[in-house]
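Input: a single structure, listed below in structure tokens.
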Amino acid sequence: MQSIHSRLMRAYARQPVSFVRGSGACLWDECGREYLDAIAGVAVTSLGHAHPEIAAVIAEQAATLLHTSNVFRIGWQEQLGERLCTLSGMEKAFFCNSGAEANEAAIKLARLHGQRRGVARPQILVMENAFHGRTLATLSATGNPAKQGGFEPLMPGFVRLPYDDIEAVRRAAQDCADIVAVLVEPVQGEGGIRVASPGYLRALRELCDRQGWLLMLDEIQTGLGRTGAWFAHQHAGIEPDVMTLAKALGNGFPIGACLARGAAADLFSPGQHGSTFGGNPLACRVACTVLDIMVRDELPQRAAELGERLLSGLRRVLDSHPQVQAIRGLGLMAGIELDRNCQDLVGRALAEQQLLITVTRERTIRLLPPLVCSGAQIDDIVARTARLLALDTEGSTAPPHMEDAAA
Ligand SMILES: *Cc1c(COP(=O)(O)O)cnc(C)c1O
């Protein structure tokens, strides 16, 4: 573990810890040290680590049939499409292998929608601080100059607006006749856990209807129970035309989905889009099992209850903390914004609290615990986070010999 720089491209700033085993919300490193997981592989392992039913279904399907290609009908893909559409009210699905690919499909649908309407250079409205992925098209839709830098020229066809600002969207509608769609996250995850107001999403729905634009929601992080509803847009009582999913859909097995409703559901014709691995029997069967478990164990409801407990707990212990500027969240997505860069807290949380967290946008601690956490584990996440920040204030004022003693 010493020469971790060896043969891997330096695309990630990794922590010097490697986990070898997991169970539920717990992880163990190579030395047998136990950790509490408050990020779930960045909103992926919602059912926890090493879920026995997921493990069993992977083994069974691997011993039956992994891959045949989309040249043929795939029963598990059809079943998964049916299940997701029934749950969401959408009408048709396209399957791929990641979130970025799901958004690529959505962007291609928007372009087709525009061309059908005679718009030669269709534009998609996207938001400041948005995150939609790392492929060139989704990077261009992403609203983070730090992630885009060095990769110019970015792809044209996006108009950027401030988030949660319906007046900005109305002005854009007047200024630009080429807009064909809006792509937006109901809660900006990478953008610092910013929750769109329900009124904003409802007003977007009305505007899209009036203008003939597609309302495309990126629910890759917010979907599948994470926010305390099956899909975050349900809190606003609206339905999108296009919705993208990935992250939790396979509980760690790679799969993404682009769902569509109405005219958008019939835009692709054979040959216009595709994926070799997308929608293979193994991935789709795993995702069907994920949905079965989420329905049976009422995990969206559980996320709502645990989310209340997490947010109220964080507010109780951190509201008066001198560095804390805001505590935001919805369901089991929580963000604690500090007044300073706190990226060092990720490593300190691991070393000092045996807690997995992430920091996004440099100053916001992000917590995304698995939906299967116990109430006691949520309380433990709150307690460890509070201790982490308490140590932080002490550490910054303590004389050097005190820090040595603490270490
Ligand atoms: C993670 C994420 C993506 C990208 O998903 P990948 O699987 O990493 O390509 C896109 N949009 C949102 C909102 C995300 O959280």
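Chain labels follow the order of the structure tokens: the first chain is A, the next B, and so on; residue numbering restarts at 1 in every chain, and ligands are counted from 1 in their shown order.
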
What do you get as a list in words if you pick all residues at most 8 Å from ligand 1, counting only C-alpha atoms and all ligand atoms?
Val42, Ala43, Asn97, Ser98, Gly99, Ala100, Glu101, Ala102, Asn103, Ala130, Phe131, His132, Gly133, Arg134, Thr135, Thr138, Glu185, Gln188, Gly189, Glu190, Asp218, Glu219, Ile220, Gln221, Thr222, Ala246, Lys247, Pro254 and Gly256 of chain A

Counting only C-alpha atoms, which residues of range 244-357 of chain A sit at most 10 Å from some atom of range 105-109 of chain A, and what is each one's closest atom pair with its distance in Å to one decimal, listed by chain and rising residue number, as CSV?
```
residue,atom,partner,partner_atom,distance
A:Thr244,CA,A:Ala106,CA,7.3
A:Ala257,CA,A:Ala105,CA,8.8
A:Cys258,CA,A:Ala106,CA,6.5
A:Leu259,CA,A:Ala106,CA,8.5
A:Ala260,CA,A:Ala106,CA,8.7
A:Ala264,CA,A:Leu109,CA,6.9
A:Ala265,CA,A:Leu109,CA,8.8
A:Asp266,CA,A:Leu109,CA,9.4
A:Leu267,CA,A:Leu109,CA,6.5
A:Phe268,CA,A:Leu109,CA,7.3
A:Gln272,CA,A:Lys108,CA,9.2
A:His273,CA,A:Ala105,CA,7.7
A:Gly274,CA,A:Ala105,CA,9.1
```

From the set A:Gln377, A:Ser275, A:Gln354, A:Thr227, which residue has the shortest atom-to-atom contact distance to Ala334 in chain A, counting only C-alpha atoms?
A:Thr227

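Of the residues listed (A:Gly118, A:Ala11, A:Leu215, A:Ile74), A:Ala11 shows the shortest atom-to-atom separation from Lys147 in chain A; distances use only C-alpha atoms.
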
Neighbour list for range 26-33 of chain A as a PyMOL selection string, cut-off 9 Å, only C-alpha atoms, skip fewer than 3 positions in-chain:
chain A and resi 17-23+36-37+48-49+354

If DSSP is run on the backbone, what residues of range 138-350 of chain A are helix (DSSP H, G or I)? A reply as a ChimeraX atom specification would be ideal.
/A:138-141,145-148,166-175,198-211,232-236,247-250,262-266,281-296,299-318,345-350

Counting only C-alpha atoms, the residue of A:Ser312, A:Thr86, A:Thr385, A:Asn129 that sits nearest Leu356 in chain A:
A:Thr385

Kindly indicate which residue among A:Val169, A:Val71, A:Leu214, A:Leu330 lies nearest to Gly262 in chain A, using only C-alpha atoms for the distances.
A:Leu214

12 Å contact set for Ala146 in chain A, only C-alpha atoms, chain neighbours under 5 positions out, as an mmCIF file with C-alpha atoms, in the first residue's frame:
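Done, and the output landed in part_17.cif:
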```cif
data_model
loop_
_atom_site.group_PDB
_atom_site.id
_atom_site.type_symbol
_atom_site.label_atom_id
_atom_site.label_comp_id
_atom_site.auth_asym_id
_atom_site.auth_seq_id
_atom_site.Cartn_x
_atom_site.Cartn_y
_atom_site.Cartn_z
ATOM 1 C CA ASN A 129 -23.365 24.664 -9.865
ATOM 2 C CA PHE A 131 -23.299 18.398 -11.958
ATOM 3 C CA LEU A 139 -19.203 18.127 -18.605
ATOM 4 C CA SER A 140 -20.398 20.948 -20.849
ATOM 5 C CA PHE A 151 -11.098 20.491 -21.585
ATOM 6 C CA ARG A 361 -17.564 22.584 -3.336
ATOM 7 C CA GLU A 362 -14.625 22.824 -0.904
#
```

For the strand (DSSP E or B) assignment from backbone DSSP, which residues of range 29-223 of chain A qualify? Please present them as a ChimeraX atom specification.
/A:29,34-37,49,92-96,123-127,158-161,179-184,187-188,194-195,214-218

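The shortest atom-to-atom distance to His113 in chain A, with only C-alpha atoms taken into account, belongs to A:Asp241 out of A:Glu34, A:Asp339, A:Asp297, A:Asp241.
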
May I ask which of the residues A:Thr45, A:Ser269, A:Asn251, A:Thr364 is the closest one to Leu112 in chain A, counting only C-alpha atoms?
A:Ser269

Quote the spacing between CA of Cys96 in chain A and CA of Leu84 in chain A in Å to one decimal place.
14.2 Å
